[in-house]
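Colleague: Below is the file input.txt, which contains compact mmCIF, C-alpha atoms and all ligand atoms.
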```txt
# COMPACT_ATOMS: atom_id res chain seq x y z
CA MET A 1 -23.16 8.56 5.61
CA SER A 2 -20.67 6.45 3.80
CA LEU A 3 -19.27 3.31 5.34
CA LEU A 4 -15.91 3.12 7.04
CA VAL A 5 -13.41 0.47 6.09
CA CYS A 6 -11.26 -1.27 8.67
CA PRO A 7 -7.57 -0.94 7.77
CA TYR A 8 -6.89 -4.39 9.26
CA CYS A 9 -9.62 -6.64 7.83
CA TYR A 10 -11.16 -4.38 5.14
CA GLY A 11 -14.60 -4.97 6.64
CA ARG A 12 -17.12 -2.14 6.12
CA PHE A 13 -19.35 -0.68 8.80
CA LYS A 14 -21.08 2.47 10.03
CA GLU A 15 -19.26 4.69 12.50
CA LYS A 16 -21.91 3.98 15.14
CA ALA A 17 -21.12 0.24 14.95
CA ILE A 18 -17.55 0.75 16.17
CA GLY A 19 -17.02 -1.30 19.33
CA PHE A 20 -15.01 -0.65 22.50
CA ARG A 21 -12.53 -2.78 24.38
CA CYS A 22 -12.51 -2.52 28.16
CA THR A 23 -9.29 -1.24 29.75
CA GLY A 24 -9.15 -4.30 32.03
CA ARG A 25 -8.17 -2.12 35.02
CA PRO A 26 -9.54 -2.73 38.55
CA GLY A 27 -13.27 -1.90 38.66
CA LYS A 28 -14.71 1.30 40.11
CA GLY A 29 -17.31 1.72 42.83
CA GLY A 30 -17.00 -1.86 44.10
CA LYS A 31 -17.45 -3.36 40.62
CA PRO A 32 -15.26 -6.34 39.64
CA GLN A 33 -12.26 -6.08 37.34
CA CYS A 34 -12.99 -7.37 33.81
CA LYS A 35 -11.02 -10.52 32.97
CA THR A 36 -8.75 -10.94 29.99
CA ALA A 37 -9.16 -13.92 27.68
CA PRO A 38 -8.27 -14.84 24.11
CA ASP A 39 -10.65 -13.05 21.74
CA PRO A 40 -12.11 -15.63 19.32
CA VAL A 41 -12.93 -12.94 16.74
CA LEU A 42 -9.41 -11.53 16.72
CA ARG A 43 -7.97 -15.01 16.58
CA LYS A 44 -10.14 -16.12 13.69
CA ARG A 45 -9.81 -12.98 11.61
CA LEU A 46 -6.19 -11.98 12.23
CA GLY A 47 -4.60 -15.00 13.88
CA ASP A 48 -3.95 -13.18 17.16
CA PRO A 49 -4.31 -15.68 20.06
CA ARG A 50 -3.30 -13.30 22.89
CA PRO A 51 -5.61 -12.54 25.83
CA TYR A 52 -7.44 -9.20 25.91
CA PRO A 53 -10.14 -7.57 28.05
CA PRO A 54 -13.67 -7.93 26.61
CA VAL A 55 -15.21 -5.97 23.75
CA PHE A 56 -18.58 -4.32 24.23
CA GLN A 57 -20.96 -2.27 22.11
CA ALA A 58 -21.73 1.42 22.73
CA ASN A 59 -22.15 4.51 20.55
CA GLY A 60 -19.15 4.13 18.23
CA ALA A 61 -19.47 7.68 16.95
CA LYS A 62 -18.09 8.79 20.33
CA LEU A 63 -14.39 8.56 21.14
CA SER A 64 -14.95 6.89 24.52
CA ALA A 65 -17.53 4.76 26.32
CA HIS A 66 -18.30 3.45 29.81
CA HIS A 67 -18.20 -0.26 30.41
CA VAL A 68 -21.14 -1.14 32.67
CA ASP A 69 -19.52 -4.30 34.03
CA CYS A 70 -16.54 -2.52 35.64
CA GLY A 71 -17.72 1.08 35.58
CA LEU A 72 -14.62 2.31 33.75
CA GLU A 73 -14.28 4.56 30.76
CA THR A 74 -12.30 3.31 27.75
CA THR A 75 -11.01 5.05 24.62
CA ASN A 76 -9.92 1.81 23.00
CA ARG A 77 -12.15 1.60 19.91
CA VAL A 78 -12.27 -1.61 17.91
CA CYS A 79 -13.46 -2.78 14.51
CA PRO A 80 -16.84 -4.55 14.88
CA GLU A 81 -15.78 -7.17 12.33
CA CYS A 82 -12.28 -8.21 13.47
CA HIS A 83 -11.91 -6.52 16.90
CA SER A 84 -8.60 -4.84 15.93
CA ARG A 85 -7.88 -1.67 17.79
CA LEU A 86 -8.64 1.21 15.43
CA PRO A 87 -6.18 4.08 14.96
CA THR A 88 -6.74 7.17 17.13
CA HIS A 89 -9.54 9.36 15.73
CA PHE A 90 -10.47 6.67 13.21
CA GLY A 91 -13.62 7.77 11.40
CA LYS A 92 -12.85 11.42 12.17
CA ASN A 93 -9.85 11.49 9.81
CA GLU A 94 -9.37 10.48 6.25
CA SER A 95 -8.69 6.83 5.90
CA ARG A 96 -7.29 5.63 2.62
CA LEU A 97 -6.47 2.11 1.73
CA ILE A 98 -3.91 1.71 -0.98
CA ALA A 99 -3.57 -1.79 -2.34
CA LEU A 100 -0.18 -2.91 -3.61
CA VAL A 101 -0.39 -5.80 -6.05
CA GLY A 102 1.74 -7.39 -8.72
CA ALA A 103 2.84 -10.70 -10.15
CA LYS A 104 5.18 -13.00 -8.27
CA TYR A 105 8.74 -11.63 -8.19
CA SER A 106 7.65 -8.19 -9.43
CA GLY A 107 9.37 -6.55 -6.44
CA LYS A 108 6.42 -5.79 -4.11
CA THR A 109 8.11 -6.61 -0.83
CA ALA A 110 11.27 -4.68 -1.71
CA TYR A 111 9.13 -1.79 -2.92
CA MET A 112 6.95 -1.65 0.19
CA THR A 113 9.96 -1.76 2.48
CA VAL A 114 11.76 1.04 0.66
CA LEU A 115 8.64 3.14 0.16
CA LEU A 116 7.85 3.12 3.87
CA HIS A 117 11.45 3.99 4.66
CA GLU A 118 11.32 6.90 2.21
CA LEU A 119 7.97 8.09 3.57
CA LYS A 120 9.51 8.30 7.02
CA ASN A 121 12.66 10.03 5.85
CA SER A 122 13.03 11.95 2.56
CA VAL A 123 9.31 12.39 1.92
CA GLY A 124 8.89 13.45 5.52
CA ALA A 125 11.49 16.15 5.00
CA ARG A 126 9.99 17.22 1.67
CA PHE A 127 6.37 17.52 2.83
CA GLY A 128 6.81 18.11 6.55
CA SER A 129 4.98 14.87 7.11
CA SER A 130 5.41 11.98 9.47
CA LEU A 131 4.66 8.32 9.14
CA LEU A 132 4.13 6.25 12.25
CA GLY A 133 3.07 2.66 12.66
CA ALA A 134 -0.50 2.72 13.96
CA ASP A 135 -0.03 -0.24 16.31
CA ASP A 136 2.72 -2.19 18.07
CA GLU A 137 2.45 -5.11 15.69
CA THR A 138 2.99 -2.88 12.64
CA ARG A 139 5.95 -1.11 14.22
CA LYS A 140 7.56 -4.38 15.24
CA THR A 141 6.88 -6.32 12.04
CA TYR A 142 8.04 -3.51 9.78
CA ARG A 143 11.25 -3.03 11.73
CA ASP A 144 12.12 -6.68 12.41
CA ARG A 145 10.96 -8.37 9.27
CA TYR A 146 11.49 -5.74 6.60
CA GLU A 147 13.64 -2.78 7.52
CA ASP A 148 16.39 -4.61 9.43
CA ALA A 149 16.93 -7.10 6.61
CA LEU A 150 17.26 -4.58 3.80
CA TYR A 151 18.77 -1.58 5.58
CA GLY A 152 20.58 -3.41 8.36
CA ARG A 153 21.89 -6.62 6.85
CA HIS A 154 21.63 -5.52 3.19
CA GLU A 155 19.81 -8.68 2.32
CA LEU A 156 16.89 -9.05 -0.04
CA LEU A 157 13.67 -10.27 1.48
CA PRO A 158 12.48 -13.81 0.90
CA PRO A 159 9.50 -14.43 -1.39
CA THR A 160 6.26 -13.64 0.41
CA GLN A 161 4.37 -16.70 1.55
CA THR A 162 1.01 -17.37 -0.01
CA ALA A 163 -2.14 -16.73 2.01
CA ALA A 164 -2.72 -20.47 2.22
CA ALA A 165 0.80 -21.18 3.51
CA ARG A 166 1.10 -18.44 6.10
CA GLY A 167 -2.50 -18.29 7.30
CA VAL A 168 -3.90 -14.90 8.16
CA SER A 169 -1.42 -12.10 8.55
CA PRO A 170 -2.55 -8.59 9.28
CA PRO A 171 -1.60 -5.68 7.03
CA LEU A 172 0.80 -2.96 8.14
CA VAL A 173 -1.15 0.13 9.17
CA PHE A 174 0.38 3.60 9.38
CA ASN A 175 -0.69 7.11 10.21
CA PHE A 176 0.53 9.62 7.64
CA ALA A 177 0.27 13.10 9.15
CA ARG A 178 1.04 16.43 7.58
CA ALA A 179 0.97 19.80 9.29
CA GLY A 180 -1.77 22.00 7.83
CA ASP A 181 -1.14 25.34 6.16
CA GLY A 182 1.73 26.36 8.41
CA SER A 183 -0.39 28.90 10.28
CA LEU A 184 -0.29 28.95 14.06
CA ARG A 185 -3.45 26.96 14.39
CA ALA A 186 -2.08 24.44 11.97
CA THR A 187 -4.39 21.50 11.96
CA GLU A 188 -2.79 18.19 11.23
CA ARG A 189 -4.12 16.29 8.29
CA ARG A 190 -4.00 12.60 8.91
CA THR A 191 -4.46 9.73 6.56
CA VAL A 192 -4.57 6.14 7.69
CA LEU A 193 -2.66 3.92 5.30
CA SER A 194 -2.91 0.18 5.11
CA PHE A 195 -0.42 -2.00 3.27
CA PHE A 196 -0.98 -5.64 2.67
CA ASP A 197 2.03 -7.50 1.32
CA THR A 198 0.40 -9.97 -1.03
CA ALA A 199 2.24 -12.91 -2.49
CA GLY A 200 2.26 -12.73 -6.28
CA GLU A 201 1.02 -16.31 -6.40
CA ASP A 202 -2.10 -15.31 -4.52
CA LEU A 203 -3.47 -13.84 -7.70
CA ASN A 204 -3.41 -17.36 -9.15
CA THR A 205 -5.19 -19.46 -6.54
CA VAL A 206 -8.83 -19.47 -5.48
CA GLU A 207 -8.08 -18.92 -1.76
CA GLY A 208 -5.61 -16.21 -2.59
CA ILE A 209 -8.05 -14.43 -4.86
CA GLU A 210 -10.78 -14.58 -2.24
CA GLN A 211 -8.55 -12.86 0.24
CA ASN A 212 -7.50 -10.34 -2.37
CA VAL A 213 -11.04 -9.53 -3.47
CA SER A 214 -11.99 -7.84 -0.24
CA TYR A 215 -8.61 -6.16 -0.14
CA LEU A 216 -8.85 -4.84 -3.69
CA ALA A 217 -12.53 -3.97 -3.58
CA SER A 218 -12.11 -1.94 -0.38
CA ALA A 219 -9.02 -0.14 -1.62
CA ASP A 220 -9.36 3.53 -2.53
CA ALA A 221 -6.53 3.18 -5.01
CA ILE A 222 -4.25 0.53 -6.44
CA ILE A 223 -0.54 0.45 -7.11
CA LEU A 224 0.13 -2.28 -9.63
CA LEU A 225 3.81 -3.11 -9.68
CA VAL A 226 5.06 -4.46 -12.99
CA ASP A 227 8.46 -6.01 -13.53
CA PRO A 228 9.69 -4.73 -16.89
CA LEU A 229 12.13 -7.64 -16.92
CA SER A 230 9.20 -10.03 -17.14
CA MET A 231 8.45 -8.62 -20.61
CA ARG A 232 10.18 -10.62 -23.29
CA ALA A 233 11.08 -7.55 -25.36
CA THR A 234 13.36 -6.16 -22.61
CA LYS A 235 15.66 -9.19 -22.72
CA ASP A 236 18.38 -7.62 -24.84
CA LEU A 237 18.11 -4.31 -22.97
CA THR A 238 18.79 -5.67 -19.49
CA ALA A 239 22.09 -4.76 -17.84
CA PRO A 240 24.54 -7.68 -17.90
CA GLY A 241 24.31 -9.77 -14.73
CA ALA A 242 20.95 -8.38 -13.60
CA PRO A 243 18.72 -11.31 -12.54
CA ARG A 244 15.67 -11.78 -14.78
CA PRO A 245 12.58 -13.73 -13.75
CA ASP A 246 11.99 -17.16 -15.18
CA ALA A 247 9.44 -16.40 -17.91
CA SER A 248 7.63 -19.72 -17.44
CA ASP A 249 7.11 -18.95 -13.76
CA VAL A 250 5.66 -15.44 -13.75
CA GLU A 251 2.48 -14.09 -15.21
CA SER A 252 2.61 -11.42 -17.87
CA PRO A 253 1.76 -7.89 -16.74
CA LEU A 254 -1.26 -7.84 -19.04
CA ASP A 255 -2.57 -11.07 -17.49
CA VAL A 256 -2.28 -9.61 -13.99
CA LEU A 257 -3.99 -6.38 -15.01
CA THR A 258 -6.76 -8.34 -16.74
CA ARG A 259 -7.31 -10.49 -13.66
CA ILE A 260 -7.59 -7.49 -11.35
CA THR A 261 -9.93 -5.77 -13.78
CA GLU A 262 -12.16 -8.85 -14.07
CA LEU A 263 -12.21 -9.22 -10.33
CA LEU A 264 -13.21 -5.63 -9.65
CA ILE A 265 -15.83 -5.06 -12.34
CA PRO A 266 -18.50 -7.30 -10.74
CA GLU A 267 -17.34 -6.50 -7.21
CA LEU A 268 -17.73 -2.73 -7.73
CA LYS A 269 -20.86 -3.20 -9.85
CA VAL A 270 -19.37 -1.38 -12.83
CA LYS A 271 -22.07 -0.99 -15.52
CA PRO A 272 -21.49 -2.44 -18.98
CA GLY A 273 -19.34 0.02 -20.90
CA GLY A 274 -18.44 1.78 -17.64
CA LYS A 275 -15.06 2.20 -15.99
CA ILE A 276 -13.56 1.40 -12.61
CA ASP A 277 -13.48 4.71 -10.76
CA ARG A 278 -10.45 4.04 -8.53
CA PRO A 279 -7.12 5.53 -9.54
CA ILE A 280 -4.56 2.93 -10.53
CA ALA A 281 -0.83 3.62 -10.64
CA LEU A 282 0.96 1.24 -12.94
CA ALA A 283 4.54 1.34 -11.75
CA PHE A 284 7.44 -0.33 -13.50
CA SER A 285 9.85 -1.63 -10.88
CA LYS A 286 13.56 -2.49 -11.32
CA MET A 287 14.15 0.27 -13.90
CA ASP A 288 17.81 0.31 -12.77
CA ALA A 289 18.38 -2.82 -14.85
CA LEU A 290 17.31 -0.90 -17.95
CA TRP A 291 19.01 2.47 -17.33
CA ASP A 292 21.37 2.19 -20.23
CA SER A 293 18.58 1.51 -22.70
CA LEU A 294 16.78 4.73 -21.72
CA GLY A 295 17.94 8.03 -23.14
CA GLU A 296 20.23 10.12 -20.97
CA GLU A 297 17.54 12.84 -20.99
CA SER A 298 14.68 10.49 -20.18
CA ALA A 299 12.27 11.83 -17.56
CA VAL A 300 12.40 8.42 -15.86
CA ARG A 301 16.13 8.76 -15.15
CA ARG A 302 15.76 12.27 -13.78
CA PRO A 303 15.78 12.47 -9.96
CA ALA A 304 12.39 12.97 -8.33
CA PRO A 305 11.36 16.59 -7.63
CA THR A 306 12.05 17.90 -4.13
CA SER A 307 9.42 20.66 -3.85
CA PRO A 308 6.68 20.26 -1.23
CA GLN A 309 3.97 19.56 -3.80
CA PHE A 310 3.25 16.85 -6.33
CA GLU A 311 4.82 18.03 -9.60
CA THR A 312 2.23 17.31 -12.27
CA ASP A 313 4.34 18.21 -15.32
CA ASP A 314 7.19 16.00 -14.22
CA SER A 315 4.80 13.13 -13.59
CA LEU A 316 3.10 13.53 -16.97
CA GLU A 317 6.47 13.46 -18.73
CA VAL A 318 7.31 10.18 -17.01
CA HIS A 319 3.83 8.89 -17.90
CA ASP A 320 4.26 9.72 -21.60
CA TYR A 321 7.75 8.28 -21.66
CA ILE A 322 6.61 4.97 -20.18
CA ARG A 323 3.63 4.83 -22.50
CA ALA A 324 6.03 5.12 -25.44
CA LEU A 325 8.27 2.43 -23.92
CA LEU A 326 5.26 0.12 -23.67
CA ASP A 327 4.93 0.23 -27.45
CA ASP A 328 8.60 -0.73 -27.82
CA TRP A 329 8.16 -3.53 -25.30
CA ASP A 330 5.10 -5.02 -27.06
CA GLY A 331 2.98 -3.89 -24.15
CA SER A 332 0.42 -1.70 -25.95
CA GLY A 333 -2.29 -4.14 -24.81
CA ILE A 334 -1.74 -2.80 -21.30
CA ASP A 335 -2.52 0.74 -22.38
CA LEU A 336 -5.62 -0.35 -24.28
CA ALA A 337 -6.90 -2.26 -21.23
CA LEU A 338 -6.29 0.72 -18.94
CA GLN A 339 -7.99 3.14 -21.33
CA ARG A 340 -11.00 0.92 -21.73
CA TYR A 341 -11.64 -0.09 -18.12
CA TRP A 342 -10.02 2.42 -15.79
CA ALA A 343 -11.21 5.98 -15.31
CA LYS A 344 -7.87 7.27 -14.05
CA TYR A 345 -4.47 5.71 -14.51
CA ARG A 346 -0.88 6.82 -14.61
CA TYR A 347 2.45 5.20 -15.40
CA PHE A 348 5.55 5.36 -13.24
CA GLY A 349 9.09 4.07 -13.57
CA LEU A 350 11.11 3.44 -10.42
CA SER A 351 13.74 1.39 -8.70
CA ALA A 352 13.54 0.34 -5.06
CA LEU A 353 17.13 -0.87 -4.78
CA GLY A 354 18.83 1.43 -7.29
CA ALA A 355 20.95 -1.32 -8.78
CA PRO A 356 20.50 -4.98 -9.67
CA PRO A 357 21.16 -7.24 -6.65
CA THR A 358 23.78 -9.98 -6.61
CA ASP A 359 22.92 -13.58 -7.48
CA ASP A 360 23.03 -14.62 -3.83
CA GLY A 361 20.34 -12.11 -2.86
CA ARG A 362 22.35 -9.19 -1.50
CA LEU A 363 22.53 -5.54 -2.41
CA SER A 364 25.36 -5.21 -4.91
CA THR A 365 26.36 -1.71 -3.86
CA GLY A 366 25.76 -2.38 -0.16
CA VAL A 367 23.27 0.49 0.11
CA VAL A 368 19.69 1.02 -0.90
CA GLN A 369 19.59 3.80 -3.49
CA PRO A 370 15.93 4.26 -4.27
CA HIS A 371 14.88 6.12 -7.37
CA ARG A 372 11.43 7.77 -7.65
CA VAL A 373 9.81 5.20 -5.33
CA ALA A 374 7.44 7.69 -3.73
CA ASP A 375 6.04 9.01 -7.04
CA PRO A 376 3.02 6.68 -7.38
CA PHE A 377 2.16 7.12 -3.77
CA LEU A 378 2.40 10.92 -3.94
CA TRP A 379 0.25 10.94 -7.05
CA LEU A 380 -2.44 9.04 -5.16
CA LEU A 381 -2.14 11.31 -2.13
CA SER A 382 -2.53 14.32 -4.43
CA GLU A 383 -5.58 12.70 -6.01
CA PHE A 384 -7.01 12.32 -2.49
CA LYS A 385 -6.10 15.97 -1.84
CA ALA A 386 -3.91 14.92 1.07
CA ILE A 387 -1.00 16.85 -0.49
CA PRO A 388 -1.06 19.77 -2.95
CA LYS A 389 -0.25 19.34 -6.64
CA SER A 390 0.98 21.82 -9.23
CA LYS A 391 -1.21 22.75 -12.17
CA PRO A 392 -0.18 21.20 -15.47
CA SER A 393 1.40 23.76 -17.82
CA LYS A 394 -0.46 22.33 -20.82
CA SER A 395 -3.80 20.61 -20.66
N1 LIG B 1 17.21 -4.72 -10.34
C1 LIG B 1 16.34 -4.69 -9.34
N2 LIG B 1 15.85 -5.87 -8.86
C2 LIG B 1 14.95 -5.83 -7.88
C3 LIG B 1 14.50 -4.59 -7.30
N3 LIG B 1 13.60 -4.88 -6.32
C4 LIG B 1 13.49 -6.24 -6.30
N4 LIG B 1 14.33 -6.81 -7.22
C5 LIG B 1 14.53 -8.24 -7.51
O1 LIG B 1 13.28 -8.88 -7.57
C6 LIG B 1 13.25 -10.00 -6.68
C7 LIG B 1 11.87 -10.14 -6.11
O2 LIG B 1 11.60 -9.06 -5.25
P1 LIG B 1 10.48 -9.15 -4.14
O3 LIG B 1 10.38 -7.81 -3.51
O4 LIG B 1 10.69 -10.32 -3.25
O5 LIG B 1 9.22 -9.44 -5.07
P2 LIG B 1 7.72 -9.78 -4.64
O6 LIG B 1 6.85 -9.15 -5.68
O7 LIG B 1 7.48 -9.41 -3.23
O8 LIG B 1 7.69 -11.37 -4.83
P3 LIG B 1 6.62 -12.40 -4.17
O9 LIG B 1 6.56 -12.10 -2.71
O10 LIG B 1 7.21 -13.75 -4.46
O11 LIG B 1 5.32 -12.19 -4.89
C8 LIG B 1 14.33 -9.69 -5.64
O12 LIG B 1 14.87 -10.85 -5.12
C9 LIG B 1 15.34 -8.93 -6.45
O13 LIG B 1 16.22 -9.82 -7.11
C10 LIG B 1 15.03 -3.37 -7.84
O14 LIG B 1 14.69 -2.25 -7.43
N5 LIG B 1 15.94 -3.49 -8.84
MG MG B 2 6.83 -10.41 -1.62
ZN ZN B 3 -11.48 -5.05 11.06
ZN ZN B 4 -14.76 -3.60 31.86
```
As a first step, turn the structure in this file into structure tokens.
Ligand SMILES: Nc1nc2c(ncn2[C@@H]2O[C@H](COP(=O)(O)OP(=O)(O)OP(=O)(O)O)[C@@H](O)[C@H]2O)c(=O)[nH]1
Ligand SMILES: [Mg+2]
Ligand SMILES: [Zn+2]
Ligand SMILES: [Zn+2]

Modeller:
Amino acid sequence: MSLLVCPYCYGRFKEKAIGFRCTGRPGKGGKPQCKTAPDPVLRKRLGDPRPYPPVFQANGAKLSAHHVDCGLETTNRVCPECHSRLPTHFGKNESRLIALVGAKYSGKTAYMTVLLHELKNSVGARFGSSLLGADDETRKTYRDRYEDALYGRHELLPPTQTAAARGVSPPLVFNFARAGDGSLRATERRTVLSFFDTAGEDLNTVEGIEQNVSYLASADAIILLVDPLSMRATKDLTAPGAPRPDASDVESPLDVLTRITELLIPELKVKPGGKIDRPIALAFSKMDALWDSLGEESAVRRPAPTSPQFETDDSLEVHDYIRALLDDWDGSGIDLALQRYWAKYRYFGLSALGAPPTDDGRLSTGVVQPHRVADPFLWLLSEFKAIPKSKPSKS
């Protein structure tokens, strides 16, 4: 049986190794109540210093276990590596880790915030799906730190702190659920999703890379966000007033792609001449700043499809369009690298905000107007067979 991967620490283990955390309720049959205390494992791995009842080992393939000390049954299953509480039915459902990476300032935090918002709302309506934070921490952090800023106060989010500066911070973990075939006995299909908001700089430092290695190597798929404005050739195409990154400060998209590739090849034991067998979505962010340079009829400017399946033809048109743009933007090295080292890749063009922000870090139109943000994610879900996809009309 294949190993499971913890959505919180990316540790790998067998289902049987899953641990249990006692409920901490008063004992049964004259047995004492188990005491709560800070859990050194949880504190070390995820920086959580709060007190919890003890963890014990039992058959992790079962959904509950009896704690001998207090005689009580518990359904609170925990990761053997970091002691995080695992999502309900973990190990019985699909669990997919999608890594979101990109250079500093490429738009990762804005993208993650808007993507999750879209998954809850418009994508939910389109696919009959729901997205719920898997734990209290995720629900609270997403709402307080991300959603309220962008959707409530219309402010951009501050640059993400590096791993070294912020210490450990757990990823956001969600349950994506979709009703089955619509029949009466519709079974829900659930996918556990884990998002880790990396700081772009973390791809530059040794500590940062170490943290990212386990994250990237455990991921089932990668979304690599690329800021088209970081490519020199787009300078004259950028809408007037749209902020551009300081070229001396950000890494080129090809450098980031090369680094990820070099990191994964040994980690995944790719044979010489072989390819990395994880799908990678290379998504150009901030396309709003380049609207006017794209043809009126461009597939990238077209609104995303609304049908309850992934539209393959539409996606391939966007893919081809971006590939052609890459040539214009002196980015053909990116395509060569993807062809050579990655078994499955696709290009996307999107905008999280819909319009360039103001200089003082606010939304210029006052509202978030996302464009095609869910595309890369839906492509990956369709690759995982978590949502249906249409057949391409030409092959
Ligand atoms: N035009 C435009 N600009 C965007 C968009 N999303 C983000 N930006 C700009 O890009 C800047 C960086 O965005 P972030 O989301 O903080 O980027 P990041 O990749 O998380 O950056 P680090 O955390 O420093 O690695 C923002 O301050 C915005 O100015 C977008 O959809 N359109
Ligand atoms: Mg960030
Ligand atoms: Zn874990
Ligand atoms: Zn107990």

Colleague: Smallest atom-to-atom distance to Cys34 in chain A: which of A:Val5, A:Asp328, A:Lys16, A:Asp69, using all atoms listed in the file?

Modeller: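 Between A:Val5, A:Asp328, A:Lys16, A:Asp69, the residue approaching Cys34 in chain A most closely is A:Asp69.
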
Colleague: Please provide as number ranges by chain all residues within 9 Å of Ser84 in chain A, with the sequence filter that same-chain residues fewer than 2 positions apart are discarded (counting all atoms listed in the file).

Modeller: A: 6, 8-9, 42, 46, 77-82, 86

Colleague: Tell me which protein, DNA and RNA residues are within 6 Å of range 23-29 of chain A, counting all atoms listed in the file, leaving out same-chain ones fewer than 5 positions away, and put them as a PyMOL selection string.

Modeller: chain A and resi 34+53+70-71+74

Colleague: Selected residues, C-alpha atoms, written as a short mmCIF file (atom, residue, chain, number, x, y, z; two decimals), keeping the file's coordinate frame, please.

Modeller:
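Resulting contents of part.cif:
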```
data_model
loop_
_atom_site.label_atom_id
_atom_site.label_comp_id
_atom_site.auth_asym_id
_atom_site.auth_seq_id
_atom_site.Cartn_x
_atom_site.Cartn_y
_atom_site.Cartn_z
CA CYS A 34 -12.99 -7.37 33.81
CA PRO A 53 -10.14 -7.57 28.05
CA CYS A 70 -16.54 -2.52 35.64
CA GLY A 71 -17.72 1.08 35.58
CA THR A 74 -12.30 3.31 27.75
#
```

Colleague: Grab me every residue within 10 Å of ligand MG 2 (chain B), counting all atoms listed in the file, and send it over as a PDB file with C-alpha atoms, in the coordinates of the input.

Modeller:
```pdb
ATOM      1  CA  VAL A 101      -0.390  -5.800  -6.050  1.00  0.00           C
ATOM      2  CA  GLY A 102       1.740  -7.390  -8.720  1.00  0.00           C
ATOM      3  CA  ALA A 103       2.840 -10.700 -10.150  1.00  0.00           C
ATOM      4  CA  LYS A 104       5.180 -13.000  -8.270  1.00  0.00           C
ATOM      5  CA  TYR A 105       8.740 -11.630  -8.190  1.00  0.00           C
ATOM      6  CA  SER A 106       7.650  -8.190  -9.430  1.00  0.00           C
ATOM      7  CA  GLY A 107       9.370  -6.550  -6.440  1.00  0.00           C
ATOM      8  CA  LYS A 108       6.420  -5.790  -4.110  1.00  0.00           C
ATOM      9  CA  THR A 109       8.110  -6.610  -0.830  1.00  0.00           C
ATOM     10  CA  ALA A 110      11.270  -4.680  -1.710  1.00  0.00           C
ATOM     11  CA  TYR A 111       9.130  -1.790  -2.920  1.00  0.00           C
ATOM     12  CA  MET A 112       6.950  -1.650   0.190  1.00  0.00           C
ATOM     13  CA  LEU A 157      13.670 -10.270   1.480  1.00  0.00           C
ATOM     14  CA  PRO A 158      12.480 -13.810   0.900  1.00  0.00           C
ATOM     15  CA  PRO A 159       9.500 -14.430  -1.390  1.00  0.00           C
ATOM     16  CA  THR A 160       6.260 -13.640   0.410  1.00  0.00           C
ATOM     17  CA  GLN A 161       4.370 -16.700   1.550  1.00  0.00           C
ATOM     18  CA  THR A 162       1.010 -17.370  -0.010  1.00  0.00           C
ATOM     19  CA  ASP A 197       2.030  -7.500   1.320  1.00  0.00           C
ATOM     20  CA  THR A 198       0.400  -9.970  -1.030  1.00  0.00           C
ATOM     21  CA  ALA A 199       2.240 -12.910  -2.490  1.00  0.00           C
ATOM     22  CA  GLY A 200       2.260 -12.730  -6.280  1.00  0.00           C
ATOM     23  CA  GLU A 201       1.020 -16.310  -6.400  1.00  0.00           C
TER      24      GLU A 201
END
```

Colleague: With only C-alpha atoms as the counted atoms, please give the residues lying no more than 12 Å from Leu257 in chain A, apart from itself and same-chain residues fewer than 3 positions off, as JSON, numbers by chain.

Modeller: {"A": [101, 102, 103, 203, 222, 223, 224, 225, 226, 251, 252, 253, 254, 260, 261, 262, 263, 264, 280, 281, 282, 283, 331, 333, 334, 335, 336, 337, 338, 341, 342]}

Colleague: Would you give the centre and edge lengths, in Å to one decimal, of a box along x, y and z around the listed atoms of range 137-156 of chain A, with 3 Å added to each side, as lines of an AutoDock Vina configuration file?

Modeller:
```
center_x = 12.2
center_y = -5.1
center_z = 7.8
size_x = 25.4
size_y = 13.9
size_z = 21.7
```

Colleague: Which residue gives the smallest distance to ligand ZN 3 (chain B) among A:Arg139, A:Lys31, A:Arg50, A:Arg43, with all atoms listed in the file counted?

Modeller: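 Once distances to ligand ZN 3 (chain B) are computed over all atoms listed in the file, the minimum belongs to A:Arg43.
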
Colleague: As a ChimeraX atom specification, please: the residues near Ser285 in chain A (cut-off 6 Å, only C-alpha atoms, same-chain neighbours under 2 positions excluded).

Modeller: /A:226-227,287,350-351

Colleague: A:Ser122, A:Asn59, A:Ser218, A:Ser64: which is nearest ligand ZN 3 (chain B), counting all atoms listed in the file?

Modeller: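 Using all atoms listed in the file, the shortest distance to ligand ZN 3 (chain B) belongs to A:Ser218.
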
Colleague: Just give me the gap between CA of Tyr142 in chain A and CA of Lys120 in chain A in Å, one decimal is fine.

Modeller: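 Between these atoms lies a distance of 12.2 Å.
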
Colleague: Quick one: pull the distance between CA of Asp246 in chain A and CA of Ser332 in chain A, Å, one decimal.

Modeller: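 Taking CA of Asp246 in chain A as the start and CA of Ser332 in chain A as the end point, the length is 22.1 Å.
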
Colleague: When you draw a straight line from CA of Arg145 in chain A to CA of Val368 in chain A, how long is it in Å?

Modeller: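 Atom-to-atom, CA of Arg145 in chain A and CA of Val368 in chain A are spaced 16.4 Å apart.
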
Colleague: Considering all atoms listed in the file, return as a ChimeraX atom specification whatever protein or nucleic-acid residues lie within 10 Å of Gln309 in chain A, sequence-local ones (same chain, fewer than 6 positions apart) excluded.

Modeller: /A:126-127,378-379,382,387-390

Colleague: Would you please work out which residue, of A:Pro370, A:Ala177, A:Ala125, A:Ser214, is nearest to ligand ZN 3 (chain B) when using all atoms listed in the file?

Modeller: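 Using all atoms listed in the file, ligand ZN 3 (chain B) sits closest to A:Ser214.
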